[in-house]
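A short write-up of the structure that comes next.
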Amino acid sequence: MAERGQLPPPAKRLCCRPGYGSGCRPGQRAGGAGPGSGALCAGPSSAAAAAALGLLPLGKTQSPESLLDIAARKVAEKWPFQRVEERFERIPEPVQRRIVYWSFPRSEREICMYSSFNTGAEDPAAAPGGAAAAPGGAADAAADENRLPFRRGIALLDGGCVDNVLQVGFHLSGTVTEPAMQSEPETVCSVAISFDRCKITSVTCSCGNKDIFYCAHVVALSLYRIRKPDQVKLHLPISETLFQMNRDQLQKFVQYLITVHHTEVLPTAQKLADEILSQNSEINQVHGAPDPTAGASIDDENCWHLDEEQVQEQVKLFLSQGGYHGSGKQLNLLFAKVREMLKMRDSNGARMLTLITEQFMADPRLSLWRQQGTAMTDKYRQLWDELGALWMCIVLNPHCKLEQKASWLKQLKKWNSVDVCPWEDGNHGNELPNLTNALPQGANANQDSSNRPHRTVFTRAIEACDLHWQDSHLQHIISSDLYTNYCYHDDTENSLFDSHGWPLWHEHVPTACARVDALRSHGYPREALRLAIAIVNTLRRQQQKQLEMFRAQKKELLHRGVTSITNLEGWVGHPLDPIGTLFSSLMEACRVDDESFHGFSDFTENMGQCKSLEYQHLPAHKFLEEGESYLTLAVEVALIGLGQQRIMPDGLYAQEKVCRNEEQLISKLQEIELDDTLVKIFRKQAVFLLEAGPYSGLGEVIHRESVPMHTFAKYLFTSLLPHDAELAYKTALRAMRLLVLESAAPSGDMSRPHHIASVVPNRYPRWFTLSHIESQQCELASTMLTAAKGDVRRLETVLESIQKNIHSSSHIFKLAQDAFKIATLMDSLPDITLLKVSLELGLQVMRMTLSTLNWRRREMVRWLVTCATEVGVYALDSIMQNWFTLFTPTEATSIVATTVMSNSTIVRLHLDCHQQEKLAGSARTLALQCAMKDPQNCALSALTLCEKDHIAFETAYQIVLDAATTGMSYSQLFTIARYMEHRGYPMRAYKLATLAMTHLNLSYNQDTHPAINDVLWACALSHSLGKNELAAIIPLVVKSVKCATVLSDILRRCTLTTPGMVGLHGRRNSGKLMSLDKAPLRQLLDATIGAYINTTHSRLTHISPRHYSEFIEFLSKARETFLMAHDGHIQFTQFIDNLKQIYKGKKKLMMLVRERFG
C-alpha cells in the first residue's frame, strides 16, 4: 500500500446545520451531550460485543444482544450513512453511536488479506504449482511469515506500541511506535483510517511505506480497534459536534485549532477565510462543508482500499525481472491473492486482476517474441494460463450484475484484439473449433482452420460471458441437497435424472467444471460441491452408456482394426483443468476439518499453523451410492479423466501441459492411502478402461495419435498389484503400446460413427514430447520387470511386450541394465530367468544398433559380454557363434572375443581345461571370420587371438597377405609388421613392411608425416636382415618417398653400420660397410640429391623474406648430402650457380647464399 504522510483526500459528503438553505438535506440530528462529548465504543454489554466479534468461546454464557445493536449492526453493514440520515427525520444520538460503532470491520480475516500474501487458512494449492509455499522449508516459511505486515502488526499490538487511538465518526486515528532496532532509532508513526460499511476505504501512514499491502502500523491500529473496542473513545462525526456549538464556541474552536497547528494550517485557514468572506467565491455556491468523518455518501462505491498504482508498479517490476529473483513466485502469489479476494466476495478481486492484466499486456517482451518468432518461457506461459483461468472465474460469478459483466466483456475483447495477445495453445493457432459450449455439429464443423481467428488466453472467458445461471434445473442442483425425481424414467442420453432419480448436468464438461471452479472461487463451496457431484454422476452414467455402445459395435470395430478419437480436446491438460477442478472440490469436502467449508470461518486461531491435510470417508451425500464418499468420488473422477482417450494436441507447450497436468494429478492421488473401498474403485475403472474401446485410452484398439497411457498405467499398476495382480499386469501391458512410432499403425477411421468425432484429416503428428513419453514407457516396463522377479510366466510376457512396443535402443538398453541389477542383487542368489530377460533385451539392443550410429555402442557391447558371462558359458559361446547378427567385426574381435579369452572371465566362470579350449576355439573361429570380412580392422586382433594355435595363426597371416595387395592401408600393414617383429617373425615383418611401402607416397614437403617413423623402422629392419633385403626395399623407398630430409636420414643410417649386423639367429655379421658408389645406396643417394634439388626449386617459387634464414639452413643440410658423393662438391657448386642465375631477382636472398656458400 502506498501510505504517505499526507492528509486524507477531501471528503465527498457535504454536511450543514439543519435548516441552512433550501438545498440542505432534511435529516436533523437529535440533541445529545455537550460539545466534544465522547463515549467508549463498548455497547450495552461488553460480553455481547465481544461475542459478536467472535472473542468469546462457544458455549459461554452471554447476555442477549439488544435489538438496537442487532439493527445497528445490520444497517452498518449494508447502508451508507447518508441513506440513514435521509431515510429518517430524527436519528437519536445513541442510534448514531451504535451505527458508527458497528461500521468498523469486525473480522481480522480481511485485515490479514490486505496485509499478507497468504492467510494460512487457504489451500496451499490455490496458487499455481503451490507457489505460496516457501521453498526453503518450514523454518524459511516461518521467517517469511514473521516479516509479513500482518504478523508485524500483531507484534506491535502485543508489544503495546499502539497509543492515542481515537474514533471520530467513520475515521480512526492513532500513533504506532516502532521500537528501536540495532541501526535505527525508535520512530512514531501517525496512522489514519477511514471506513464505511465494515470496510476500510482509505489509509494513510507517516511511515511512507510503498507496497501493495497495508503497512504493519495500519494493521496494528486496525486490530487494536477490533480486539479492544472498549478502549477506543468514540465520537460522532466532527460536523455533528460543530452543529452543537454557538458562534463563540466555533470561533474559539477555530482559533485554538490554528494556534496548535499554526505552522501547518495557517496559510490554508487564511485562504479559506478569504473565500468564505467573498460573496461570489466558489465555496459560497455550495451548501454545507466537507466532513472526512461523516461516512459515505449514497454514490460512493463500497470497497476495501486498494492502492492501484502500487499494484501496477509491483507487477511491472516482477515482469521486468523476467523470472529472476523469485518474480515468478511473487506473481503467482498475486494471483493467489486475487483468488482469495474472490472467495471473500471482495470486488477488489476483479479490480486487481484488471490491473495485473494491463501490465501483462504492456510487457514489451510480447512484441519482441512475436517479431523474433520465439516462444515465451514455460513459467511465463503458465502465468498467462492462470490469468485466463481467473478471468473465466470472474465472468462466471453467479451473482454479478449484467452491466458489470458487459464491462468485463468489453475489456476482454479489447485485450483479445491486441496483436501480441498470447494464444491459448502457447505457440500457434488452435486447430480446434469453438468447443466451450459444445462439440461441433453440422456442415461447418471441419472448416479450414486457417480461416478461423486464433484462440487467445482470453477467448474462453469471452465465450463464458454468454453463459448464465438461470436454468431452473441448474438452480435446483446447486441450491438443494434434496433435489430428486424418483418418477423420472427418461433414459435418453440427455435425461435430467438418472435411474436413481438423482440430478444430472449435461454440458460440455470443461464448461460445466468451470462453473464449479467459479462457485468455489466466489465463496460458494456447498453449491460447487452439489454441481460437482451431479457432473461426476453424469460422467459415470456416460461411461456406462459408452461401454454398452462399444459392446454393440465391438465386432465391427475390431474386425476393421481401426478406431477414431472420441475427444478432440482431452480433459487432462485442458486450459480449464476440468478434472483437477472436480478432484479439488471433492477433496476439500472430505477434509477432517470441515469448518472452512462454510466459506467464511474465523481463521485467526489457525493463522500460520501449517496443518497436515487429512482426508476421511465422511458420511455419504444423498446422491452417492452406498459405501461411497466424497473421497471415492474424487478418486474415481480422477481415474476417469486420466483414462480418457484423447488426441495429442498440437504444439510443444500444449503437449508439455498434458504431461505436466497428468503428473500433477497422479501426484495428488498418491497422497491418498488406498483402503478396500478405494481399491474397488480402482478395479471398477481398470476393467472399464480395458473394455471401453474407443472411449478409453486403454481400449483394445486406439487411434494412432492418442495420448499414451504409460504414466497413468504405472500408477494403476503399482496401486492394483498388491490387491489384483492379474488386473494390474493386464492394464500395464495394454498401456505399453506407442502406436505413433509404428509405421504400420492404422491412421484412423475418418468417417464419423455415432458419438465419435473424427480427427482433422492429413494431420501430420509432431510429438515434441516424444522423448519424455518414451522414457515413461520405459519406466512402466521397468516397474513391471521389477515386480515380476521370480515369476517366469510374467517375465516372459513383459519381455514380449517390451520387444514389441519399445522402439528406442537406449530405453531397451536401460531396461536390460535394470533387469540385470534386479537379478543380481547382493543379498540374494541371481534370478536366472530375469538374467535371461536382461540378456535377451541386450541382444535386441545389439541388433537394433548394429547398423546405426550410437555413441554408447561400445558401452553396450561391453555390458552385453558382462551379462552373458553372468548367464553362463553357453551364453558366451552363443553370442560368439552368432556374432555377425550382433556385432561389427571390429567389436567382435577387439571387445567380445578379447574379453571372453581374458583370465578374469575364465576365473569368473570356473572353467575347466576342456571348457576353456572349447571357448577359445569359438573365439579363434570368430577372429578368422572377422579377419576375412574386415581384414583392415580385424587382422591384428585375429593374429593376437590365434597366437596359441599354429594353424589358426598361419590362416590369419595368410588372410593379411591376401588383403595387403587390395584393401589394407600402409598404416595397418606397418602396425601388423611391427607386431610380427615383436613376436619374433622378422622376415614376415619385412614382407609386410615391403607391402606397406607400395601403398605409401610421401611428397617433398611432408617432413612431419606420421608414416616417417614407420619408413625408418622398415629400412632399419631391412638393414638388420642383410644386404639383399636392404637392396630390395630401397627401390621401394625411392619410389614412395620424395621428401629430401627423410631420404637423407635413411641414407645416413645405412652408411653407419654394416648390413646384417644382427642376423636372423642373433649371430653378429662382420661384413663391410656398403659403398655409396654402388647399388643399392648409389640409387638412394641420387634420389636424395634429386629430392633436395626439386624441393629447393619448389620452395623458392613462393618464398617470403621471413623464411630466408630457414632456407639457408636447408641448403646447408643439402650440401652435407651432396658431399657424400665423390663428385658432390662440384655438383653442389653448379647447383648454387644455377640458383644465382635463375633467381637473381631475389637479390637479398642471393646475397645470403653468396655469403654462406660463395
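Order determines the names: the first chain of the C-alpha cells is A, the second B, and so forth; residues in each chain are numbered 1 upward, and ligands are numbered 1 upward as they are shown.
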Margin query: Please list as a list in words every residue within 8 Å of segment 400-413 of chain A, counting only C-alpha atoms and excluding residues in the same chain fewer than 3 positions away.
Written below: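 Surrounding residues, per the criterion: Val395, Asn397, Asn416, Ser417, Phe458, Ala461, Ile462 and Cys465 of chain A.
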Please produce a file of the residues just selected, as a PDB file, in the first residue's frame, where the atoms kept are C-alpha atoms.
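Contents of result.pdb, freshly written:
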ATOM      1  CA  VAL A 395     -17.120 -13.625 -15.639  1.00  0.00           C
ATOM      2  CA  ASN A 397     -19.617 -15.133 -10.988  1.00  0.00           C
ATOM      3  CA  ASN A 416      -8.126 -10.103 -27.176  1.00  0.00           C
ATOM      4  CA  SER A 417      -7.843  -7.901 -30.250  1.00  0.00           C
ATOM      5  CA  PHE A 458      -8.987 -14.667 -23.114  1.00  0.00           C
ATOM      6  CA  ALA A 461     -13.556 -16.048 -20.777  1.00  0.00           C
ATOM      7  CA  ILE A 462     -15.147 -14.081 -23.642  1.00  0.00           C
ATOM      8  CA  CYS A 465     -19.791 -14.242 -20.898  1.00  0.00           C
TER       9      CYS A 465
END
- Message: Going by DSSP on the backbone, which residues of segment 812-1027 of chain A come out as helix (DSSP H, G or I)? List them as a ChimeraX atom specification.
- Response: /A:812-823,832-849,857-871,873-881,883-885,889-900,903-909,913-933,935-945,950-964,970-982,986-998,1012-1025,1027
Check: Which polymer residues have any atom within 12 Å of an atom of Thr965 of chain A, counting only C-alpha atoms, with same-chain residues fewer than 6 positions away left out, as a PyMOL selection string?
Finding: chain A and resi 935-936+958-959+973+991-992+994-999
- Message: Neighbouring residues of segment 778-795 of chain A were defined as those with any atom within 10 Å, considering only C-alpha atoms; residues of the same chain fewer than 2 positions away were excluded. Please report them as an MDAnalysis selection string.
- Response: chainID A and resid 709:715 717:718 721 725:726 728:729 732:733 735:736 772:776 797:802 806 808 810:819 821:823 831:838
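For Leu355 of chain A, the residues within 9 Å (counting only C-alpha atoms, excluding itself and residues fewer than 6 positions away along the chain) are Glu308, Glu309, Val311, Gln312 and Val315 of chain A.
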Can you tell me, as a CSV table (one decimal) with C-alpha atoms, in the first residue's frame, what residues are no more than 9 Å from segment 1033-1038 of chain A when counting only C-alpha atoms, ignoring any on the same chain fewer than 4 positions away?
chain,number,residue,atom,x,y,z
A,993,ALA,CA,56.7,-53.7,-44.5
A,994,THR,CA,57.6,-54.0,-48.2
A,997,MET,CA,55.8,-49.3,-48.7
A,998,THR,CA,54.0,-49.9,-52.0
A,1000,LEU,CA,52.9,-45.1,-49.3
A,1015,VAL,CA,59.6,-45.9,-43.1
A,1018,ALA,CA,61.2,-50.6,-42.2
A,1019,CYS,CA,64.6,-49.6,-43.5
A,1022,SER,CA,65.8,-54.4,-43.8
A,1028,ASN,CA,69.8,-58.4,-50.1
A,1029,GLU,CA,66.8,-57.2,-48.1
A,1042,LYS,CA,60.1,-37.7,-52.2
A,1047,LEU,CA,65.8,-39.8,-47.6
A,1080,PRO,CA,71.7,-50.0,-53.8
A,1081,LEU,CA,73.0,-46.9,-51.9
A,1083,GLN,CA,70.4,-45.2,-56.2
A,1084,LEU,CA,69.3,-43.8,-52.7
A,1087,ALA,CA,67.3,-39.9,-55.2
A,1088,THR,CA,68.2,-37.8,-52.1
*Compare A:Asn537, A:Ser1040, A:Thr177, A:Asn302 by their minimum atom-to-atom distance to Ala76 of chain A, counting only C-alpha atoms, and give me the closest one.*
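Checking each of A:Asn537, A:Ser1040, A:Thr177, A:Asn302 against Ala76 of chain A, counting only C-alpha atoms, the winner is A:Asn302.
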What separates atom CA of Glu527 of chain A and atom CA of Arg73 of chain A is a distance of 27.5 Å
Excluding Thr899 of chain A and its own-chain neighbours fewer than 5 positions away, which residues fall within 12 Å of it when counting only C-alpha atoms? Please give them as a count of residues only. 23
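Interatomic distance, atom CA of Asn494 of chain A against atom CA of Glu626 of chain A: 24.7 Å.
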Segment 889-1125 of chain A: which residues are strand (DSSP E or B) by DSSP, as a PDB file with N, CA, C and O atoms, in the first residue's frame?
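Produced file result35.pdb, reproduced below:
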ATOM      1  N   LEU A1002      55.083 -40.210 -50.007  1.00  0.00           N
ATOM      2  CA  LEU A1002      55.453 -39.043 -49.212  1.00  0.00           C
ATOM      3  C   LEU A1002      55.985 -37.966 -50.155  1.00  0.00           C
ATOM      4  O   LEU A1002      57.011 -38.165 -50.815  1.00  0.00           O
ATOM      5  N   VAL A1041      59.025 -42.270 -51.421  1.00  0.00           N
ATOM      6  CA  VAL A1041      59.371 -41.110 -50.595  1.00  0.00           C
ATOM      7  C   VAL A1041      60.065 -40.060 -51.455  1.00  0.00           C
ATOM      8  O   VAL A1041      61.100 -40.332 -52.067  1.00  0.00           O
ATOM      9  N   VAL A1062      73.014 -57.849 -37.169  1.00  0.00           N
ATOM     10  CA  VAL A1062      72.342 -58.820 -36.293  1.00  0.00           C
ATOM     11  C   VAL A1062      71.593 -59.771 -37.198  1.00  0.00           C
ATOM     12  O   VAL A1062      70.623 -59.395 -37.858  1.00  0.00           O
ATOM     13  N   ARG A1068      76.421 -62.261 -34.922  1.00  0.00           N
ATOM     14  CA  ARG A1068      76.959 -60.997 -35.443  1.00  0.00           C
ATOM     15  C   ARG A1068      77.572 -61.233 -36.833  1.00  0.00           C
ATOM     16  O   ARG A1068      78.191 -62.235 -37.108  1.00  0.00           O
TER      17      ARG A1068
END
